[in-house]
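Data block for input11.pdb (PDB, C-alpha atoms):
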ATOM      1  CA  MET A   1      99.582 123.415  73.740
ATOM      2  CA  TRP A   2      97.544 121.437  71.234
ATOM      3  CA  MET A   3      96.357 118.210  72.797
ATOM      4  CA  ASN A   4      95.823 114.992  70.891
ATOM      5  CA  PRO A   5      92.140 114.263  71.644
ATOM      6  CA  ALA A   6      92.661 110.501  71.519
ATOM      7  CA  SER A   7      95.604 110.291  73.918
ATOM      8  CA  GLY A   8      95.358 113.577  75.836
ATOM      9  CA  VAL A   9      99.073 114.113  75.159
ATOM     10  CA  ALA A  10     100.437 117.517  74.187
ATOM     11  CA  VAL A  11     101.665 117.282  70.600
ATOM     12  CA  GLU A  12     102.520 120.910  69.830
ATOM     13  CA  THR A  13     103.829 123.888  71.699
ATOM     14  CA  VAL A  14     103.008 127.297  70.284
ATOM     15  CA  PRO A  15     105.282 130.101  71.480
ATOM     16  CA  ILE A  16     103.364 133.362  71.422
ATOM     17  CA  VAL A  17     105.403 136.204  69.983
ATOM     18  CA  ARG A  18     103.885 139.661  69.966
ATOM     19  CA  GLY A  19     105.420 142.876  68.796
ATOM     20  CA  THR A  20     105.302 145.612  66.251
ATOM     21  CA  ALA A  21     107.847 147.596  64.338
ATOM     22  CA  GLN A  22     107.232 150.514  66.694
ATOM     23  CA  SER A  23     108.192 148.502  69.772
ATOM     24  CA  GLY A  24     111.609 147.645  68.273
ATOM     25  CA  GLY A  25     112.849 151.148  69.049
ATOM     26  CA  ARG A  26     112.129 150.612  72.734
ATOM     27  CA  LEU A  27     113.934 147.259  72.926
ATOM     28  CA  THR A  28     116.380 147.140  75.823
ATOM     29  CA  LEU A  29     118.883 144.459  76.783
ATOM     30  CA  ASP A  30     116.625 143.467  79.703
ATOM     31  CA  THR A  31     113.645 143.103  77.341
ATOM     32  CA  PHE A  32     115.698 141.003  74.940
ATOM     33  CA  ASP A  33     116.966 138.803  77.805
ATOM     34  CA  HIS A  34     113.371 138.323  78.988
ATOM     35  CA  PHE A  35     112.255 137.372  75.441
ATOM     36  CA  ASP A  36     115.247 135.026  75.125
ATOM     37  CA  ARG A  37     114.344 133.233  78.396
ATOM     38  CA  ILE A  38     110.691 132.880  77.372
ATOM     39  CA  ILE A  39     111.566 131.338  74.005
ATOM     40  CA  ARG A  40     114.195 129.041  75.471
ATOM     41  CA  SER A  41     111.929 127.836  78.257
ATOM     42  CA  GLY A  42     109.162 127.215  75.729
ATOM     43  CA  LEU A  43     111.503 125.032  73.692
ATOM     44  CA  ALA A  44     113.117 123.350  76.720
ATOM     45  CA  ASP A  45     116.757 124.062  77.508
ATOM     46  CA  ALA A  46     118.225 125.460  74.305
ATOM     47  CA  THR A  47     121.808 124.595  75.189
ATOM     48  CA  ALA A  48     120.737 120.958  75.527
ATOM     49  CA  LEU A  49     118.829 121.144  72.236
ATOM     50  CA  GLU A  50     121.795 122.612  70.419
ATOM     51  CA  HIS A  51     123.629 119.268  70.623
ATOM     52  CA  ALA A  52     120.699 117.027  71.546
ATOM     53  CA  GLY A  53     120.676 113.397  70.588
ATOM     54  CA  PRO A  54     117.667 111.132  69.988
ATOM     55  CA  ASP A  55     117.220 110.457  73.731
ATOM     56  CA  GLN A  56     116.889 114.149  74.608
ATOM     57  CA  LEU A  57     114.479 114.754  71.711
ATOM     58  CA  ALA A  58     112.342 111.783  72.780
ATOM     59  CA  ALA A  59     112.090 113.267  76.282
ATOM     60  CA  LEU A  60     110.584 116.588  75.133
ATOM     61  CA  ARG A  61     107.068 117.387  76.336
ATOM     62  CA  PHE A  62     105.838 118.096  72.792
ATOM     63  CA  GLU A  63     106.138 116.618  69.329
ATOM     64  CA  ARG A  64     106.698 119.851  67.427
ATOM     65  CA  VAL A  65     106.838 123.620  67.580
ATOM     66  CA  VAL A  66     104.337 125.474  65.393
ATOM     67  CA  LEU A  67     105.043 129.105  64.496
ATOM     68  CA  LEU A  68     102.152 131.412  63.594
ATOM     69  CA  MET A  69     102.609 135.047  62.686
ATOM     70  CA  ASP A  70     100.550 137.803  61.096
ATOM     71  CA  PRO A  71     100.519 137.560  57.274
ATOM     72  CA  ASP A  72     101.782 141.146  56.907
ATOM     73  CA  ALA A  73     105.316 142.518  56.541
ATOM     74  CA  ASP A  74     105.934 142.622  60.309
ATOM     75  CA  GLY A  75     104.779 139.024  60.701
ATOM     76  CA  ILE A  76     106.950 137.866  57.818
ATOM     77  CA  HIS A  77     109.933 139.619  59.415
ATOM     78  CA  ILE A  78     109.223 138.076  62.819
ATOM     79  CA  GLY A  79     108.872 134.664  61.150
ATOM     80  CA  ALA A  80     112.261 135.037  59.460
ATOM     81  CA  LEU A  81     113.858 136.020  62.774
ATOM     82  CA  MET A  82     112.225 133.068  64.541
ATOM     83  CA  LEU A  83     113.530 130.670  61.873
ATOM     84  CA  LEU A  84     117.053 132.011  62.300
ATOM     85  CA  TYR A  85     116.708 131.763  66.081
ATOM     86  CA  MET A  86     115.496 128.173  65.798
ATOM     87  CA  GLN A  87     118.363 127.333  63.440
ATOM     88  CA  ARG A  88     120.864 128.622  65.990
ATOM     89  CA  TRP A  89     119.359 127.226  69.197
ATOM     90  CA  ALA A  90     117.141 124.305  68.220
ATOM     91  CA  GLN A  91     118.622 122.841  65.039
ATOM     92  CA  PRO A  92     117.876 119.217  66.056
ATOM     93  CA  LEU A  93     114.165 120.106  66.073
ATOM     94  CA  ILE A  94     114.454 121.400  62.502
ATOM     95  CA  ASN A  95     116.535 118.434  61.355
ATOM     96  CA  THR A  96     113.909 115.996  62.657
ATOM     97  CA  GLY A  97     110.937 117.844  61.113
ATOM     98  CA  ARG A  98     109.631 119.104  64.466
ATOM     99  CA  VAL A  99     109.282 122.787  63.513
ATOM    100  CA  ALA A 100     106.453 124.011  61.296
ATOM    101  CA  MET A 101     104.958 127.332  60.212
ATOM    102  CA  VAL A 102     101.270 128.001  59.741
ATOM    103  CA  ARG A 103     100.503 130.037  56.636
ATOM    104  CA  ALA A 104      97.816 132.514  57.626
ATOM    105  CA  PRO A 105      95.812 133.828  54.666
ATOM    106  CA  MET A 106      96.349 137.411  53.501
ATOM    107  CA  PHE A 107      92.887 137.542  51.911
ATOM    108  CA  VAL A 108      89.552 135.809  52.413
ATOM    109  CA  LEU A 109      87.358 135.767  49.305
ATOM    110  CA  GLU A 110      83.632 135.118  49.583
ATOM    111  CA  PRO A 111      82.026 134.156  46.259
ATOM    112  CA  THR A 112      78.863 136.144  45.507
ATOM    113  CA  GLY A 113      75.636 134.698  44.208
ATOM    114  CA  THR A 114      76.357 131.165  45.427
ATOM    115  CA  GLY A 115      74.203 130.947  48.546
ATOM    116  CA  GLU A 116      74.982 130.566  52.213
ATOM    117  CA  GLY A 117      76.897 127.270  52.315
ATOM    118  CA  THR A 118      79.732 128.176  49.957
ATOM    119  CA  PRO A 119      83.052 128.112  51.812
ATOM    120  CA  PRO A 120      85.367 131.089  51.460
ATOM    121  CA  VAL A 121      88.444 130.889  49.251
ATOM    122  CA  LEU A 122      91.779 131.787  50.848
ATOM    123  CA  ALA A 123      94.615 133.672  49.138
ATOM    124  CA  TYR A 124      98.135 133.838  50.530
ATOM    125  CA  THR A 125      99.724 136.579  48.371
ATOM    126  CA  PRO A 126      98.408 139.610  46.490
ATOM    127  CA  ASN A 127      99.055 137.873  43.146
ATOM    128  CA  ASP A 128      97.243 134.764  44.396
ATOM    129  CA  CYS A 129      94.308 136.975  45.425
ATOM    130  CA  GLN A 130      94.127 138.674  42.030
ATOM    131  CA  ALA A 131      94.157 135.335  40.194
ATOM    132  CA  ARG A 132      91.483 133.871  42.460
ATOM    133  CA  VAL A 133      89.267 136.963  42.124
ATOM    134  CA  GLN A 134      89.399 136.632  38.333
ATOM    135  CA  ALA A 135      88.679 132.891  38.458
ATOM    136  CA  LEU A 136      85.745 133.303  40.878
ATOM    137  CA  ALA A 137      84.307 136.184  38.847
ATOM    138  CA  ALA A 138      84.428 134.050  35.701
ATOM    139  CA  GLU A 139      82.911 131.058  37.492
ATOM    140  CA  HIS A 140      80.108 132.882  39.327
ATOM    141  CA  GLY A 141      79.449 135.846  37.043
ATOM    142  CA  ALA A 142      80.357 138.397  39.703
ATOM    143  CA  PRO A 143      83.548 139.260  41.595
ATOM    144  CA  PRO A 144      83.814 137.884  45.136
ATOM    145  CA  ARG A 145      83.799 139.996  48.247
ATOM    146  CA  VAL A 146      87.450 140.370  49.312
ATOM    147  CA  GLN A 147      88.504 140.828  52.931
ATOM    148  CA  ALA A 148      92.172 141.662  53.564
ATOM    149  CA  VAL A 149      93.483 140.088  56.758
ATOM    150  CA  ARG A 150      95.151 142.952  58.626
ATOM    151  CA  GLY A 151      96.528 140.651  61.288
ATOM    152  CA  LEU A 152      95.501 137.603  63.240
ATOM    153  CA  ALA A 153      93.647 139.799  65.732
ATOM    154  CA  SER A 154      91.416 141.084  62.913
ATOM    155  CA  MET A 155      90.113 137.585  62.162
ATOM    156  CA  ALA A 156      86.908 136.328  63.716
ATOM    157  CA  PRO A 157      87.647 133.654  66.358
ATOM    158  CA  MET A 158      86.012 130.876  64.306
ATOM    159  CA  ALA A 159      87.960 131.884  61.184
ATOM    160  CA  LEU A 160      91.235 132.052  63.130
ATOM    161  CA  SER A 161      90.561 128.594  64.505
ATOM    162  CA  ALA A 162      89.676 127.138  61.098
ATOM    163  CA  TYR A 163      92.408 128.800  59.029
ATOM    164  CA  CYS A 164      95.308 128.823  61.508
ATOM    165  CA  VAL A 165      94.788 126.592  64.551
ATOM    166  CA  ASP A 166      92.808 123.461  63.694
ATOM    167  CA  PRO A 167      95.264 120.821  62.383
ATOM    168  CA  ALA A 168      92.584 119.438  60.069
ATOM    169  CA  THR A 169      92.035 122.693  58.151
ATOM    170  CA  ARG A 170      95.101 124.944  58.511
ATOM    171  CA  ARG A 171      97.920 125.241  55.983
ATOM    172  CA  LEU A 172     101.085 123.973  57.697
ATOM    173  CA  ASP A 173     104.570 123.833  56.175
ATOM    174  CA  THR A 174     107.372 121.869  57.838
ATOM    175  CA  VAL A 175     110.498 123.997  58.261
ATOM    176  CA  THR A 176     113.567 122.575  56.535
ATOM    177  CA  GLN A 177     117.155 123.701  56.146
ATOM    178  CA  ALA A 178     116.233 124.669  52.565
ATOM    179  CA  SER A 179     113.454 126.986  53.777
ATOM    180  CA  ILE A 180     115.877 128.629  56.212
ATOM    181  CA  ARG A 181     118.444 129.062  53.424
ATOM    182  CA  ALA A 182     115.717 130.769  51.375
ATOM    183  CA  VAL A 183     115.207 133.252  54.249
ATOM    184  CA  ILE A 184     118.941 133.953  54.419
ATOM    185  CA  ASP A 185     119.252 134.348  50.644
ATOM    186  CA  THR A 186     116.283 136.725  50.389
TER
END
I'd like the structure from this file rewritten - as structure tokens, please.
Amino acid sequence: MWMNPASGVAVETVPIVRGTAQSGGRLTLDTFDHFDRIIRSGLADATALEHAGPDQLAALRFERVVLLMDPDADGIHIGALMLLYMQRWAQPLINTGRVAMVRAPMFVLEPTGTGEGTPPVLAYTPNDCQARVQALAAEHGAPPRVQAVRGLASMAPMALSAYCVDPATRRLDTVTQASIRAVIDT
């Protein structure tokens, strides 16, 4: 839960979803049922959310659900599945703008020759990284040092906090019906 420092009230719930492509082959009905119960309990009673009105939404213990996945192919796949799950079981949360996804960077670029205090530049796609490398090289006279983010666990704790957790500095996109349609159409 992310607490509002001013009020001490929980404003976000962050369901933790872990898994890899390799574990999918070992998925059993019991494992799926366990996962289903964890997600539903984290979002409150999904059957109530499916047809929830304003009173039920106002009674939730959080203001929004924030999804955060690895920026690799597995994380993108898990994110798509989570969006479809949320569309099926928690559509009122989506319709009221209470579901968001954090965009974790795929690359962290550190400009060279600029001194200690220069903040890193984040890139979210390979094409974005290539364009930013060229721009930084032209600006600073040398290409930046590029670190590929292999997963959230590969990030230093301070970087993970700054790029993905802290509401003041993370990149957060509100989930809409249009963004879910884009997942379905892709």
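CA of Met155 (chain A) to CA of Tyr85 (chain A) spans 27.5 Å [interatomic distance, one decimal].
Candidate residues A:Leu83, A:Val133, A:Val183, A:Met69 were compared for distance to Pro120 (chain A), and the nearest is A:Val133, using only C-alpha atoms.
The space separating CA of Thr112 (chain A) from CA of Ala142 (chain A) comes to 6.4 Å.
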Nearest to Val121 (chain A), chosen from A:Leu172, A:Ile94, A:Ala159, A:Leu84, with all atoms listed in the file counted in the distances
A:Ala159
Calculate, to one decimal in Å, the centre and edge lengths of the box along x, y and z of the file that holds all listed atoms of region 182-185 of chain A with 5 Å of margin on each side, and present them as JSON.
{"center_x": 117.2, "center_y": 132.6, "center_z": 52.5, "size_x": 14.0, "size_y": 13.6, "size_z": 13.8}
